[in-house]
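**Student:** My file is model16.txt. It has compact mmCIF, N, CA and C atoms:
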```txt
# COMPACT_ATOMS: atom_id res chain seq x y z
N MET G 1 -59.01 -62.55 -29.47
CA MET G 1 -58.97 -62.71 -30.91
C MET G 1 -57.51 -62.72 -31.36
N THR G 2 -57.13 -63.70 -32.11
CA THR G 2 -55.76 -63.85 -32.57
C THR G 2 -55.54 -63.08 -33.86
N ALA G 3 -54.42 -62.37 -33.93
CA ALA G 3 -54.08 -61.66 -35.17
C ALA G 3 -53.71 -62.68 -36.24
N ALA G 4 -54.02 -62.37 -37.46
CA ALA G 4 -53.76 -63.29 -38.57
C ALA G 4 -52.28 -63.60 -38.67
N GLY G 5 -51.95 -64.89 -38.70
CA GLY G 5 -50.58 -65.32 -38.88
C GLY G 5 -49.70 -65.25 -37.65
N ASP G 6 -50.24 -64.81 -36.53
CA ASP G 6 -49.41 -64.68 -35.34
C ASP G 6 -49.52 -65.85 -34.39
N GLY G 7 -50.37 -66.79 -34.64
CA GLY G 7 -50.50 -67.97 -33.80
C GLY G 7 -51.29 -67.68 -32.55
N PRO G 8 -51.42 -68.68 -31.69
CA PRO G 8 -52.31 -68.55 -30.53
C PRO G 8 -51.75 -67.70 -29.40
N TRP G 9 -50.51 -67.27 -29.49
CA TRP G 9 -49.91 -66.58 -28.35
C TRP G 9 -49.97 -65.06 -28.46
N LEU G 10 -50.55 -64.53 -29.54
CA LEU G 10 -50.66 -63.08 -29.71
C LEU G 10 -52.13 -62.71 -29.88
N ASP G 11 -52.50 -61.57 -29.32
CA ASP G 11 -53.87 -61.09 -29.39
C ASP G 11 -53.85 -59.67 -29.91
N ASP G 12 -54.83 -59.31 -30.76
CA ASP G 12 -54.87 -57.95 -31.33
C ASP G 12 -54.85 -56.88 -30.25
N ALA G 13 -55.66 -57.04 -29.24
CA ALA G 13 -55.81 -56.01 -28.20
C ALA G 13 -54.79 -56.17 -27.08
N ALA G 14 -54.55 -57.40 -26.66
CA ALA G 14 -53.72 -57.62 -25.47
C ALA G 14 -52.25 -57.77 -25.77
N GLY G 15 -51.89 -58.10 -26.99
CA GLY G 15 -50.49 -58.35 -27.32
C GLY G 15 -50.12 -59.79 -26.98
N ARG G 16 -48.90 -59.99 -26.54
CA ARG G 16 -48.43 -61.34 -26.21
C ARG G 16 -49.17 -61.85 -24.98
N LEU G 17 -49.72 -63.05 -25.09
CA LEU G 17 -50.52 -63.62 -24.02
C LEU G 17 -49.69 -64.36 -22.97
N ILE G 18 -48.46 -64.72 -23.33
CA ILE G 18 -47.57 -65.34 -22.36
C ILE G 18 -46.25 -64.59 -22.37
N ARG G 19 -45.57 -64.60 -21.26
CA ARG G 19 -44.26 -63.95 -21.18
C ARG G 19 -43.24 -64.77 -21.97
N PRO G 20 -42.32 -64.09 -22.68
CA PRO G 20 -41.34 -64.82 -23.49
C PRO G 20 -40.54 -65.85 -22.70
N TYR G 21 -40.20 -65.55 -21.46
CA TYR G 21 -39.36 -66.48 -20.71
C TYR G 21 -40.14 -67.69 -20.20
N THR G 22 -41.47 -67.64 -20.31
CA THR G 22 -42.27 -68.82 -20.02
C THR G 22 -42.00 -69.88 -21.08
N VAL G 23 -41.76 -69.44 -22.29
CA VAL G 23 -41.47 -70.33 -23.41
C VAL G 23 -40.22 -71.15 -23.13
N SER G 24 -39.23 -70.55 -22.47
CA SER G 24 -37.97 -71.24 -22.20
C SER G 24 -37.90 -71.76 -20.76
N ASN G 25 -39.05 -71.84 -20.10
CA ASN G 25 -39.11 -72.28 -18.70
C ASN G 25 -38.20 -71.46 -17.80
N GLY G 26 -38.09 -70.18 -18.09
CA GLY G 26 -37.30 -69.27 -17.27
C GLY G 26 -35.81 -69.33 -17.53
N ARG G 27 -35.37 -70.20 -18.42
CA ARG G 27 -33.93 -70.32 -18.71
C ARG G 27 -33.47 -69.15 -19.57
N THR G 28 -32.31 -68.63 -19.27
CA THR G 28 -31.76 -67.52 -20.04
C THR G 28 -30.41 -67.86 -20.66
N ARG G 29 -29.93 -69.07 -20.41
CA ARG G 29 -28.64 -69.48 -20.96
C ARG G 29 -28.80 -70.73 -21.80
N PRO G 30 -28.53 -70.62 -23.09
CA PRO G 30 -28.61 -71.81 -23.94
C PRO G 30 -27.48 -72.78 -23.62
N SER G 31 -27.71 -74.06 -23.82
CA SER G 31 -26.68 -75.07 -23.57
C SER G 31 -25.69 -75.17 -24.72
N THR G 32 -26.03 -74.60 -25.86
CA THR G 32 -25.17 -74.58 -27.03
C THR G 32 -24.79 -73.15 -27.34
N ALA G 33 -23.52 -72.92 -27.64
CA ALA G 33 -23.07 -71.56 -27.97
C ALA G 33 -23.60 -71.18 -29.35
N LEU G 34 -24.47 -70.17 -29.38
CA LEU G 34 -25.05 -69.71 -30.63
C LEU G 34 -24.86 -68.20 -30.75
N ASP G 35 -24.43 -67.77 -31.90
CA ASP G 35 -24.29 -66.37 -32.24
C ASP G 35 -25.55 -65.98 -33.02
N LEU G 36 -25.88 -64.71 -33.08
CA LEU G 36 -27.05 -64.29 -33.85
C LEU G 36 -26.92 -64.66 -35.33
N LEU G 37 -25.69 -64.76 -35.81
CA LEU G 37 -25.47 -65.10 -37.22
C LEU G 37 -25.21 -66.58 -37.43
N SER G 38 -25.20 -67.38 -36.36
CA SER G 38 -25.03 -68.82 -36.50
C SER G 38 -26.12 -69.38 -37.39
N GLN G 39 -25.77 -70.34 -38.21
CA GLN G 39 -26.72 -70.99 -39.10
C GLN G 39 -27.23 -72.27 -38.44
N VAL G 40 -28.53 -72.46 -38.45
CA VAL G 40 -29.13 -73.68 -37.91
C VAL G 40 -29.93 -74.35 -39.03
N ARG G 41 -30.00 -75.68 -38.96
CA ARG G 41 -30.73 -76.44 -39.98
C ARG G 41 -31.26 -77.72 -39.37
N ALA G 42 -32.48 -78.08 -39.75
CA ALA G 42 -33.09 -79.32 -39.27
C ALA G 42 -32.32 -80.51 -39.81
N THR G 43 -32.16 -81.54 -38.96
CA THR G 43 -31.45 -82.75 -39.36
C THR G 43 -32.38 -83.80 -39.92
N GLY G 44 -33.69 -83.66 -39.65
CA GLY G 44 -34.64 -84.68 -40.06
C GLY G 44 -34.94 -85.67 -38.94
N THR G 45 -34.20 -85.57 -37.85
CA THR G 45 -34.42 -86.42 -36.69
C THR G 45 -35.61 -85.89 -35.89
N THR G 46 -36.50 -86.77 -35.51
CA THR G 46 -37.66 -86.37 -34.71
C THR G 46 -37.22 -86.22 -33.26
N PRO G 47 -37.50 -85.06 -32.65
CA PRO G 47 -37.11 -84.86 -31.25
C PRO G 47 -37.86 -85.83 -30.33
N LEU G 48 -37.14 -86.39 -29.37
CA LEU G 48 -37.76 -87.25 -28.37
C LEU G 48 -38.22 -86.41 -27.20
N GLY G 49 -39.28 -86.84 -26.54
CA GLY G 49 -39.78 -86.11 -25.39
C GLY G 49 -40.71 -85.00 -25.82
N HIS G 50 -41.23 -84.30 -24.82
CA HIS G 50 -42.19 -83.23 -25.09
C HIS G 50 -41.47 -81.91 -25.30
N LEU G 51 -41.75 -81.31 -26.42
CA LEU G 51 -41.27 -79.96 -26.70
C LEU G 51 -42.49 -79.10 -26.96
N GLY G 52 -42.39 -77.83 -26.60
CA GLY G 52 -43.51 -76.92 -26.75
C GLY G 52 -43.79 -76.54 -28.19
N PRO G 53 -44.88 -75.81 -28.41
CA PRO G 53 -45.24 -75.40 -29.78
C PRO G 53 -44.20 -74.47 -30.40
N GLU G 54 -43.51 -73.70 -29.57
CA GLU G 54 -42.48 -72.81 -30.10
C GLU G 54 -41.30 -73.61 -30.66
N HIS G 55 -40.99 -74.74 -30.02
CA HIS G 55 -39.94 -75.61 -30.55
C HIS G 55 -40.33 -76.12 -31.94
N ALA G 56 -41.59 -76.53 -32.08
CA ALA G 56 -42.07 -77.02 -33.37
C ALA G 56 -42.03 -75.92 -34.42
N GLN G 57 -42.41 -74.70 -34.04
CA GLN G 57 -42.36 -73.57 -34.98
C GLN G 57 -40.92 -73.31 -35.39
N ALA G 58 -40.01 -73.30 -34.43
CA ALA G 58 -38.60 -73.05 -34.74
C ALA G 58 -38.06 -74.13 -35.66
N LEU G 59 -38.39 -75.38 -35.37
CA LEU G 59 -37.91 -76.48 -36.20
C LEU G 59 -38.45 -76.35 -37.62
N GLY G 60 -39.69 -75.93 -37.76
CA GLY G 60 -40.27 -75.73 -39.09
C GLY G 60 -39.59 -74.63 -39.88
N LEU G 61 -39.04 -73.66 -39.19
CA LEU G 61 -38.34 -72.56 -39.87
C LEU G 61 -36.95 -72.97 -40.34
N CYS G 62 -36.47 -74.09 -39.83
CA CYS G 62 -35.07 -74.49 -40.08
C CYS G 62 -34.94 -75.60 -41.11
N LEU G 63 -35.90 -75.74 -42.00
CA LEU G 63 -35.80 -76.77 -43.03
C LEU G 63 -34.64 -76.49 -43.97
N ALA G 64 -34.34 -75.23 -44.18
CA ALA G 64 -33.16 -74.80 -44.93
C ALA G 64 -32.30 -74.01 -43.94
N PRO G 65 -31.01 -73.87 -44.20
CA PRO G 65 -30.16 -73.12 -43.26
C PRO G 65 -30.70 -71.70 -43.05
N VAL G 66 -30.76 -71.30 -41.80
CA VAL G 66 -31.29 -69.99 -41.43
C VAL G 66 -30.52 -69.49 -40.22
N SER G 67 -30.39 -68.18 -40.09
CA SER G 67 -29.65 -67.62 -38.96
C SER G 67 -30.53 -67.59 -37.72
N VAL G 68 -29.89 -67.58 -36.58
CA VAL G 68 -30.60 -67.49 -35.30
C VAL G 68 -31.42 -66.20 -35.26
N ALA G 69 -30.88 -65.11 -35.76
CA ALA G 69 -31.58 -63.83 -35.78
C ALA G 69 -32.88 -63.92 -36.59
N GLU G 70 -32.84 -64.62 -37.72
CA GLU G 70 -34.04 -64.76 -38.55
C GLU G 70 -35.10 -65.58 -37.83
N VAL G 71 -34.69 -66.65 -37.15
CA VAL G 71 -35.64 -67.47 -36.42
C VAL G 71 -36.30 -66.63 -35.32
N ALA G 72 -35.50 -65.85 -34.59
CA ALA G 72 -36.03 -64.99 -33.53
C ALA G 72 -37.05 -64.00 -34.08
N ALA G 73 -36.75 -63.44 -35.24
CA ALA G 73 -37.67 -62.47 -35.85
C ALA G 73 -38.99 -63.13 -36.25
N HIS G 74 -38.91 -64.31 -36.84
CA HIS G 74 -40.14 -65.01 -37.25
C HIS G 74 -40.97 -65.45 -36.04
N LEU G 75 -40.29 -65.86 -34.97
CA LEU G 75 -41.01 -66.31 -33.77
C LEU G 75 -41.50 -65.13 -32.93
N LYS G 76 -40.97 -63.95 -33.22
CA LYS G 76 -41.29 -62.74 -32.44
C LYS G 76 -40.97 -62.94 -30.96
N LEU G 77 -39.77 -63.50 -30.74
CA LEU G 77 -39.27 -63.74 -29.39
C LEU G 77 -37.90 -63.08 -29.25
N PRO G 78 -37.52 -62.72 -28.02
CA PRO G 78 -36.16 -62.19 -27.81
C PRO G 78 -35.11 -63.21 -28.26
N ALA G 79 -33.98 -62.71 -28.70
CA ALA G 79 -32.92 -63.57 -29.21
C ALA G 79 -32.47 -64.59 -28.17
N VAL G 80 -32.36 -64.20 -26.91
CA VAL G 80 -31.88 -65.13 -25.89
C VAL G 80 -32.87 -66.27 -25.69
N VAL G 81 -34.16 -66.00 -25.76
CA VAL G 81 -35.17 -67.05 -25.63
C VAL G 81 -35.09 -67.99 -26.84
N THR G 82 -34.92 -67.41 -28.01
CA THR G 82 -34.79 -68.21 -29.23
C THR G 82 -33.55 -69.09 -29.16
N LYS G 83 -32.46 -68.57 -28.64
CA LYS G 83 -31.24 -69.37 -28.51
C LYS G 83 -31.47 -70.56 -27.58
N VAL G 84 -32.23 -70.37 -26.51
CA VAL G 84 -32.54 -71.48 -25.60
C VAL G 84 -33.36 -72.54 -26.32
N LEU G 85 -34.38 -72.11 -27.07
CA LEU G 85 -35.21 -73.06 -27.82
C LEU G 85 -34.37 -73.83 -28.84
N LEU G 86 -33.54 -73.11 -29.58
CA LEU G 86 -32.72 -73.76 -30.60
C LEU G 86 -31.70 -74.70 -29.97
N SER G 87 -31.14 -74.32 -28.84
CA SER G 87 -30.16 -75.20 -28.19
C SER G 87 -30.84 -76.48 -27.69
N ASP G 88 -32.11 -76.38 -27.26
CA ASP G 88 -32.86 -77.59 -26.89
C ASP G 88 -32.95 -78.53 -28.09
N LEU G 89 -33.22 -77.96 -29.26
CA LEU G 89 -33.35 -78.76 -30.48
C LEU G 89 -32.00 -79.33 -30.92
N VAL G 90 -30.93 -78.59 -30.70
CA VAL G 90 -29.59 -79.11 -31.01
C VAL G 90 -29.27 -80.27 -30.06
N ASP G 91 -29.60 -80.09 -28.78
CA ASP G 91 -29.31 -81.12 -27.77
C ASP G 91 -30.01 -82.44 -28.07
N CYS G 92 -31.21 -82.38 -28.63
CA CYS G 92 -31.95 -83.62 -28.91
C CYS G 92 -31.68 -84.14 -30.33
N GLY G 93 -30.78 -83.48 -31.06
CA GLY G 93 -30.38 -83.96 -32.37
C GLY G 93 -31.28 -83.53 -33.52
N ALA G 94 -32.25 -82.67 -33.26
CA ALA G 94 -33.17 -82.24 -34.31
C ALA G 94 -32.60 -81.12 -35.18
N LEU G 95 -31.60 -80.40 -34.65
CA LEU G 95 -30.96 -79.31 -35.39
C LEU G 95 -29.46 -79.49 -35.38
N THR G 96 -28.85 -78.97 -36.40
CA THR G 96 -27.40 -78.86 -36.44
C THR G 96 -27.07 -77.38 -36.59
N THR G 97 -25.91 -76.99 -36.13
CA THR G 97 -25.52 -75.59 -36.17
C THR G 97 -24.10 -75.45 -36.68
N ARG G 98 -23.84 -74.31 -37.26
CA ARG G 98 -22.46 -73.98 -37.67
C ARG G 98 -22.28 -72.49 -37.52
N PRO G 99 -21.06 -72.08 -37.21
CA PRO G 99 -20.81 -70.65 -37.04
C PRO G 99 -20.95 -69.92 -38.38
N PRO G 100 -21.18 -68.62 -38.32
CA PRO G 100 -21.29 -67.87 -39.58
C PRO G 100 -19.97 -67.88 -40.33
N ALA G 101 -20.06 -67.94 -41.64
CA ALA G 101 -18.87 -67.91 -42.49
C ALA G 101 -18.71 -66.49 -43.03
N PHE G 102 -17.61 -65.86 -42.67
CA PHE G 102 -17.34 -64.52 -43.18
C PHE G 102 -16.45 -64.63 -44.41
N HIS G 103 -16.90 -64.03 -45.48
CA HIS G 103 -16.11 -64.05 -46.71
C HIS G 103 -15.22 -62.83 -46.80
N HIS G 104 -15.26 -62.03 -45.76
CA HIS G 104 -14.46 -60.82 -45.72
C HIS G 104 -14.06 -60.57 -44.26
N ASN G 105 -13.17 -59.66 -44.08
CA ASN G 105 -12.77 -59.28 -42.74
C ASN G 105 -13.83 -58.34 -42.18
N PRO G 106 -14.57 -58.74 -41.10
CA PRO G 106 -15.66 -57.89 -40.61
C PRO G 106 -15.20 -56.55 -40.07
N THR G 107 -13.92 -56.37 -39.85
CA THR G 107 -13.41 -55.08 -39.38
C THR G 107 -12.64 -54.36 -40.48
N ASP G 108 -12.88 -54.75 -41.71
CA ASP G 108 -12.23 -54.12 -42.86
C ASP G 108 -12.62 -52.63 -42.90
N ARG G 109 -11.64 -51.76 -42.88
CA ARG G 109 -11.89 -50.32 -42.82
C ARG G 109 -12.73 -49.82 -43.99
N SER G 110 -12.47 -50.30 -45.19
CA SER G 110 -13.22 -49.82 -46.35
C SER G 110 -14.69 -50.24 -46.26
N LEU G 111 -14.95 -51.43 -45.72
CA LEU G 111 -16.33 -51.87 -45.54
C LEU G 111 -17.04 -51.00 -44.50
N LEU G 112 -16.37 -50.72 -43.39
CA LEU G 112 -16.97 -49.89 -42.34
C LEU G 112 -17.22 -48.46 -42.85
N GLU G 113 -16.31 -47.92 -43.66
CA GLU G 113 -16.51 -46.59 -44.22
C GLU G 113 -17.68 -46.57 -45.20
N ALA G 114 -17.84 -47.63 -45.98
CA ALA G 114 -18.97 -47.71 -46.91
C ALA G 114 -20.30 -47.77 -46.15
N VAL G 115 -20.32 -48.51 -45.06
CA VAL G 115 -21.53 -48.56 -44.22
C VAL G 115 -21.84 -47.18 -43.63
N LEU G 116 -20.81 -46.51 -43.14
CA LEU G 116 -20.99 -45.18 -42.56
C LEU G 116 -21.49 -44.19 -43.62
N ASP G 117 -20.92 -44.26 -44.82
CA ASP G 117 -21.38 -43.37 -45.90
C ASP G 117 -22.85 -43.64 -46.23
N GLY G 118 -23.23 -44.91 -46.29
CA GLY G 118 -24.62 -45.26 -46.58
C GLY G 118 -25.56 -44.75 -45.50
N LEU G 119 -25.16 -44.85 -44.25
CA LEU G 119 -25.99 -44.34 -43.16
C LEU G 119 -26.13 -42.82 -43.23
N ARG G 120 -25.05 -42.14 -43.55
CA ARG G 120 -25.11 -40.68 -43.68
C ARG G 120 -26.05 -40.24 -44.79
N ARG G 121 -26.06 -40.99 -45.89
CA ARG G 121 -26.97 -40.65 -47.00
C ARG G 121 -28.43 -40.84 -46.60
N GLN G 122 -28.71 -41.76 -45.70
CA GLN G 122 -30.09 -42.01 -45.26
C GLN G 122 -30.58 -40.92 -44.31
N LEU G 123 -29.69 -40.23 -43.67
CA LEU G 123 -30.08 -39.19 -42.70
C LEU G 123 -30.24 -37.90 -43.36
```
I'd like the structure from this file rewritten - as structure tokens, please.

**Tutor:**
Amino acid sequence: MTAAGDGPWLDDAAGRLIRPYTVSNGRTRPSTALDLLSQVRATGTTPLGHLGPEHAQALGLCLAPVSVAEVAAHLKLPAVVTKVLLSDLVDCGALTTRPPAFHHNPTDRSLLEAVLDGLRRQL
């Protein structure tokens, strides 16, 4: 029995019905360099050749710019498997990618202190 909204690969009692690396044909290295914060977006080009259902799901999530991490979360797959799927789509021209744009210095001391203060308040 499939859980609502989880697609054919998840079962209420059994969990995931296929191993995540089966989705990527055992590949663990994407052909395109992708960061978890990299933005991916569908180009509108139809992929040539056979791609699995996970590729189609990923492509459907990328109609607007979305981060690799968000796609992985929606697909409920490990990030490295998601990167392989997305790089397949980039290779066939169905997706475009760009690195994350930082509007601030990610190692800014005041930002890191604010994050630390927020974490302390939660504990």

**Student:** Distance atom N of Ser87 in chain G-atom C of Pro100 in chain G, one decimal place?

**Tutor:**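 Between atom N of Ser87 in chain G and atom C of Pro100 in chain G the gap is 17.3 Å.
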
**Student:** Work out how far CA of Val84 in chain G is from CA of Arg29 in chain G, in Å to one decimal.

**Tutor:**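 A separation of 6.4 Å between them.
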
**Student:** Suppose you want the space between CA of Thr45 in chain G and CA of Pro78 in chain G; what is it in Å?

**Tutor:** 25.9 Å

**Student:** Which residue, G:Leu119, G:Cys62, G:Ala72, G:Ala114, has the smallest gap to Thr43 in chain G when you use all atoms listed in the file?

**Tutor:**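 The shortest atom-to-atom distance to Thr43 in chain G comes from G:Cys62.
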
**Student:** Could you check the closest approach to Cys92 in chain G for each of G:Leu48, G:Val115, G:Ala79, G:Ala56 and tell me which residue wins, using all atoms listed in the file?

**Tutor:**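 Nearest to Cys92 in chain G: G:Leu48.
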
**Student:** Fewer than 3 positions away in the same chain doesn't count, so skip those; otherwise give me all residues within 8 Å of Thr82 in chain G, counting all atoms listed in the file, as a VMD selection string.

**Tutor:** chain G and resid 20 24 30 68 71 to 73 75 77 to 79 85 to 88

**Student:** Pick out the closest residue to Pro99 in chain G from this set: G:Thr32, G:Leu63, G:Ala58, G:Gln39. Count only N, CA and C atoms.

**Tutor:**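 With only N, CA and C atoms as the atom set, the closest residue is G:Gln39.
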
**Student:** Considering only C-alpha atoms, state which residue in the set G:Lys83, G:His55, G:Lys76, G:His50 is at the smallest distance from Ser31 in chain G.

**Tutor:**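 Closest residue, counting only C-alpha atoms: G:Lys83.
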
**Student:** DSSP on the backbone, alpha helix (DSSP H) only: what residues of range 62-117 of chain G does that give? Format it as a PyMOL selection string.

**Tutor:** chain G and resi 68-75+79-91+109-117

**Student:** Take every atom of range 51-69 of chain G listed in the file, fit an axis-aligned box around them, add 4 Å per side, and give the centre and edge lengths in Å to one decimal as JSON.

**Tutor:**
```
{"center_x": -37.4, "center_y": -72.6, "center_z": -35.7, "size_x": 23.6, "size_y": 25.5, "size_z": 26.5}
```

**Student:** Which is closest to Pro65 in chain G among G:Ala33, G:Leu51, G:Leu111, G:Ala42, if we use only N, CA and C atoms?

**Tutor:**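 Result for the nearest residue to Pro65 in chain G: G:Ala42.
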
**Student:** I'd like to know which of G:Gly93, G:Arg98, G:Leu123, G:Asp117 is closest to Gly44 in chain G, using all atoms listed in the file.

**Tutor:**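 With all atoms listed in the file as the atom set, the closest residue is G:Gly93.
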